[in-house]
>>> print(open('start.cif').read())   # mmCIF, C-alpha atoms
data_protein
#
loop_
_atom_site.label_atom_id
_atom_site.label_comp_id
_atom_site.auth_asym_id
_atom_site.auth_seq_id
_atom_site.Cartn_x
_atom_site.Cartn_y
_atom_site.Cartn_z
CA LYS A 667 -13.03 -10.13 -8.70
CA ALA A 668 -15.51 -11.41 -6.13
CA LEU A 669 -13.69 -14.75 -5.93
CA ALA A 670 -10.31 -13.01 -5.60
CA VAL A 671 -11.63 -10.86 -2.74
CA LYS A 672 -13.10 -13.92 -0.98
CA ALA A 673 -9.84 -15.84 -1.40
CA VAL A 674 -7.78 -12.96 -0.01
CA HIS A 675 -10.09 -12.58 3.00
CA SER A 676 -10.15 -16.35 3.56
CA GLY A 677 -6.37 -16.32 3.60
CA GLY A 678 -6.33 -13.74 6.39
CA ALA A 679 -5.41 -10.69 4.31
CA CYS A 680 -7.32 -7.61 3.25
CA MET A 681 -7.78 -5.89 -0.06
CA HIS A 682 -5.74 -2.71 -0.54
CA ARG A 683 -8.48 -0.72 -2.26
CA LEU A 684 -11.66 -2.07 -3.78
CA GLY A 685 -12.61 1.34 -5.14
CA LEU A 686 -11.31 4.86 -5.52
CA SER A 687 -13.56 6.24 -2.78
CA GLU A 688 -12.04 4.17 0.03
CA THR A 689 -8.71 5.92 0.44
CA LEU A 690 -7.17 9.34 0.03
CA MET A 691 -4.15 8.57 -2.13
CA VAL A 692 -1.63 11.33 -2.71
CA PHE A 693 0.58 10.42 -5.65
CA ASP A 694 3.60 12.22 -7.07
CA GLU A 695 1.41 13.49 -9.91
CA HIS A 696 -0.95 15.11 -7.40
CA ARG A 697 1.89 16.78 -5.54
CA LEU A 698 2.90 18.63 -8.72
CA PHE A 699 -0.17 20.80 -8.17
CA LEU A 700 0.26 21.43 -4.45
CA ASP A 701 1.43 24.82 -3.31
CA GLU A 702 1.86 23.94 0.35
CA VAL A 703 4.24 22.06 2.62
CA PRO A 704 3.46 18.39 3.36
CA ALA A 705 2.23 19.12 6.89
CA ALA A 706 -0.35 21.55 5.50
CA THR A 707 -1.52 18.98 2.96
CA VAL A 708 -1.90 16.29 5.64
CA ALA A 709 -3.79 18.66 7.96
CA ARG A 710 -6.08 19.87 5.16
CA LEU A 711 -6.94 16.34 4.03
CA ARG A 712 -7.52 15.17 7.62
CA ARG A 713 -9.96 18.05 8.17
CA ALA A 714 -11.74 17.52 4.86
CA LEU A 715 -12.23 13.75 5.14
CA PRO A 716 -11.28 12.58 8.64
CA GLU A 717 -12.83 9.11 8.25
CA ARG A 718 -10.74 8.16 5.20
CA ALA A 719 -7.38 6.48 5.29
CA LEU A 720 -4.62 8.77 4.04
CA VAL A 721 -1.81 7.23 2.01
CA VAL A 722 1.08 9.14 0.42
CA GLU A 723 3.06 7.33 -2.27
CA VAL A 724 6.76 8.17 -2.56
CA GLY A 725 9.65 7.03 -4.70
CA ALA A 726 12.56 8.00 -2.46
CA ALA A 727 13.53 7.75 1.21
CA ALA A 728 13.82 11.55 1.58
CA GLU A 729 10.22 11.95 0.41
CA ALA A 730 9.10 9.25 2.83
CA LEU A 731 10.80 11.02 5.74
CA ALA A 732 9.26 14.37 4.80
CA TRP A 733 5.74 12.96 4.64
CA ALA A 734 6.19 10.89 7.81
CA GLU A 735 7.36 14.01 9.65
CA ALA A 736 4.28 15.79 8.24
CA GLY A 737 2.06 13.19 9.90
CA ALA A 738 1.05 10.97 6.99
CA PRO A 739 -0.15 7.75 8.66
CA VAL A 740 0.64 5.48 5.70
CA ILE A 741 3.61 5.88 3.38
CA GLN A 742 3.42 3.78 0.23
CA LEU A 743 6.91 2.99 -1.03
CA GLU A 744 6.98 2.54 -4.80
CA ARG A 745 9.61 0.08 -6.07
CA PHE A 746 11.78 0.06 -2.96
CA THR A 747 14.01 -2.97 -2.37
CA PRO A 748 13.76 -4.85 0.93
CA GLU A 749 17.13 -3.35 1.87
CA GLN A 750 15.84 0.18 1.24
CA VAL A 751 12.71 -0.56 3.30
CA HIS A 752 14.84 -1.84 6.17
CA ALA A 753 17.07 1.27 6.13
CA LEU A 754 14.06 3.59 5.99
CA ALA A 755 12.25 1.75 8.79
CA ALA A 756 15.34 2.09 10.99
CA ASP A 757 15.67 5.80 10.16
CA LEU A 758 11.99 6.42 10.94
CA ALA A 759 12.24 4.55 14.25
CA ALA A 760 15.35 6.54 15.22
CA ARG A 761 13.34 9.73 14.65
CA GLY A 762 10.41 8.45 16.71
CA LEU A 763 8.17 8.17 13.64
CA ALA A 764 5.97 5.15 13.04
CA PRO A 765 3.91 5.43 9.86
CA ILE A 766 2.71 2.21 8.29
CA LEU A 767 5.01 1.35 5.40
CA ALA A 768 3.05 -0.04 2.46
CA ILE A 769 5.20 -1.63 -0.22
CA ALA A 770 4.00 -1.39 -3.83
CA GLY A 771 5.55 -2.37 -7.11
CA GLY A 772 7.18 -5.71 -7.61
CA VAL A 773 5.81 -7.48 -4.53
CA ASN A 774 5.39 -11.18 -5.20
CA VAL A 775 5.44 -14.56 -3.51
CA GLY A 776 9.22 -14.74 -3.89
CA ASN A 777 10.00 -11.53 -1.97
CA ALA A 778 7.01 -10.98 0.33
CA VAL A 779 8.75 -12.44 3.39
CA ALA A 780 11.82 -10.26 2.81
CA TYR A 781 9.64 -7.14 2.67
CA ALA A 782 7.76 -8.13 5.82
CA GLN A 783 11.02 -8.78 7.66
CA ALA A 784 12.38 -5.42 6.45
CA GLY A 785 9.59 -3.51 8.20
CA ALA A 786 6.67 -3.42 5.78
CA GLY A 787 3.29 -3.07 7.44
CA LEU A 788 1.38 -3.70 4.22
CA LEU A 789 2.24 -5.48 0.99
CA VAL A 790 0.39 -4.11 -2.03
CA SER A 791 0.11 -6.57 -4.90
CA SER A 792 -2.21 -7.29 -7.78
CA ALA A 793 -1.23 -10.97 -7.64
CA PRO A 794 -4.69 -12.13 -6.46
CA TYR A 795 -6.14 -10.86 -9.74
CA HIS A 796 -3.53 -12.63 -11.84
CA ALA A 797 -3.04 -15.95 -10.09
CA PRO A 798 -2.78 -18.92 -12.42
CA PRO A 799 -5.79 -21.23 -12.47
CA ARG A 800 -5.73 -24.36 -10.37
CA ASP A 801 -6.51 -27.75 -11.84
CA VAL A 802 -9.67 -28.87 -10.06
CA LYS A 803 -11.10 -32.29 -10.70
CA VAL A 804 -14.65 -33.17 -9.75
CA ARG A 805 -15.75 -36.77 -9.42
CA PHE A 806 -19.33 -37.94 -9.19
CA ALA A 807 -20.18 -41.27 -7.63
CA ALA A 808 -23.48 -43.06 -7.37
CA ARG A 809 -24.70 -43.88 -3.86
#
>>> encode(input="start.cif", output="structure tokens")
Amino acid sequence: KALAVKAVHSGGACMHRLGLSETLMVFDEHRLFLDEVPAATVARLRRALPERALVVEVGAAAEALAWAEAGAPVIQLERFTPEQVHALAADLAARGLAPILAIAGGVNVGNAVAYAQAGAGLLVSSAPYHAPPRDVKVRFAAR
């Protein structure tokens, strides 16, 4: 893990979450237990832990719009296509909303550019932990 983190940082990127205490993540499973509107949830979490990043994961554009309107600063889009990201980004901009769109689920080297061009602010991938090994050859020579 330490080498993966160093490689990601050396490449100019950042790690999404190195531990559970770094970010307030609100998943669909959490929302099943909420008895309040999204704006109340965002306000309550901001008051409780104002120094933590707040990310709300959604699986549909309507959910993303609701949480963006509620003030969630980062909306994590689970399994959206680049086309869906583009449409959502345009809809958010038309409404004067500008949350960071974090794309999760299925992001890889083959589609990362398409997601970035579609309006993604963050690409969430576990690829650094699963990269294939490189063939490294070491040669020793006498002086």
>>> closest_residue(input="start.cif", among="A:Ala755, A:Leu669, A:Val773, A:Met691", to="Glu723 (chain A)", atoms="all atoms listed in the file")
A:Met691
>>> atom_distance(input="start.cif", atom1="CA of Leu789 (chain A)", atom2="CA of Lys672 (chain A)")
17.6 Å
>>> resolve_selection(input="start.cif", expression="the PyMOL selection byres ((chain A and resi 781) around 12)", output="mmCIF file with C-alpha atoms, keeping the file's coordinate frame")
data_model
loop_
_atom_site.group_PDB
_atom_site.id
_atom_site.type_symbol
_atom_site.label_atom_id
_atom_site.label_comp_id
_atom_site.auth_asym_id
_atom_site.auth_seq_id
_atom_site.Cartn_x
_atom_site.Cartn_y
_atom_site.Cartn_z
ATOM 1 C CA LEU A 743 6.910 2.990 -1.030
ATOM 2 C CA ARG A 745 9.610 0.080 -6.070
ATOM 3 C CA PHE A 746 11.780 0.060 -2.960
ATOM 4 C CA THR A 747 14.010 -2.970 -2.370
ATOM 5 C CA PRO A 748 13.760 -4.850 0.930
ATOM 6 C CA GLU A 749 17.130 -3.350 1.870
ATOM 7 C CA GLN A 750 15.840 0.180 1.240
ATOM 8 C CA VAL A 751 12.710 -0.560 3.300
ATOM 9 C CA HIS A 752 14.840 -1.840 6.170
ATOM 10 C CA ALA A 753 17.070 1.270 6.130
ATOM 11 C CA ALA A 755 12.250 1.750 8.790
ATOM 12 C CA LEU A 767 5.010 1.350 5.400
ATOM 13 C CA ALA A 768 3.050 -0.040 2.460
ATOM 14 C CA ILE A 769 5.200 -1.630 -0.220
ATOM 15 C CA ALA A 770 4.000 -1.390 -3.830
ATOM 16 C CA GLY A 771 5.550 -2.370 -7.110
ATOM 17 C CA GLY A 772 7.180 -5.710 -7.610
ATOM 18 C CA VAL A 773 5.810 -7.480 -4.530
ATOM 19 C CA ASN A 774 5.390 -11.180 -5.200
ATOM 20 C CA VAL A 775 5.440 -14.560 -3.510
ATOM 21 C CA GLY A 776 9.220 -14.740 -3.890
ATOM 22 C CA ASN A 777 10.000 -11.530 -1.970
ATOM 23 C CA ALA A 778 7.010 -10.980 0.330
ATOM 24 C CA VAL A 779 8.750 -12.440 3.390
ATOM 25 C CA ALA A 780 11.820 -10.260 2.810
ATOM 26 C CA ALA A 782 7.760 -8.130 5.820
ATOM 27 C CA GLN A 783 11.020 -8.780 7.660
ATOM 28 C CA ALA A 784 12.380 -5.420 6.450
ATOM 29 C CA GLY A 785 9.590 -3.510 8.200
ATOM 30 C CA ALA A 786 6.670 -3.420 5.780
ATOM 31 C CA GLY A 787 3.290 -3.070 7.440
ATOM 32 C CA LEU A 788 1.380 -3.700 4.220
ATOM 33 C CA LEU A 789 2.240 -5.480 0.990
ATOM 34 C CA VAL A 790 0.390 -4.110 -2.030
#
>>> residues_near_point(input="start.cif", point="(-1.3, 11.3, 9.9)", cutoff="6 Å", atoms="only C-alpha atoms", output="PDB file with C-alpha atoms, keeping the file's coordinate frame")
ATOM      1  CA  GLY A 737       2.060  13.190   9.900  1.00  0.00           C
ATOM      2  CA  ALA A 738       1.050  10.970   6.990  1.00  0.00           C
ATOM      3  CA  PRO A 739      -0.150   7.750   8.660  1.00  0.00           C
TER       4      PRO A 739
END
>>> residues_around(input="start.cif", residues="Val724 (chain A)", least_positions_apart="3", cutoff="8 Å", atoms="all atoms listed in the file", output="count of residues only")
9
>>> axis_aligned_box(input="start.cif", around="region 698-716 of chain A", padding_each_side="5 Å", output="lines of an AutoDock Vina configuration file")
center_x = -4.0
center_y = 18.7
center_z = 0.0
size_x = 26.5
size_y = 22.2
size_z = 27.4
>>> residues_around(input="start.cif", residues="Arg761 (chain A)", least_positions_apart="5", cutoff="12 Å", atoms="only C-alpha atoms", output="MDAnalysis selection string")
chainID A and resid 731:732 734:735 754:756
>>> atom_distance(input="start.cif", atom1="CA of Leu720 (chain A)", atom2="CA of Leu690 (chain A)")
4.8 Å
>>> closest_residue(input="start.cif", among="A:Ala793, A:Ala764, A:Ala679, A:Val692", to="Leu711 (chain A)", atoms="only C-alpha atoms")
A:Val692
>>> closest_residue(input="start.cif", among="A:Asp701, A:Gly762, A:Glu688, A:His696", to="Val722 (chain A)", atoms="all atoms listed in the file")
A:His696
>>> residues_around(input="start.cif", residues="Ala705 (chain A)", least_positions_apart="2", cutoff="8 Å", atoms="all atoms listed in the file", output="list in words")
Val703, Thr707, Val708, Ala709, Trp733, Glu735, Ala736 and Gly737 of chain A
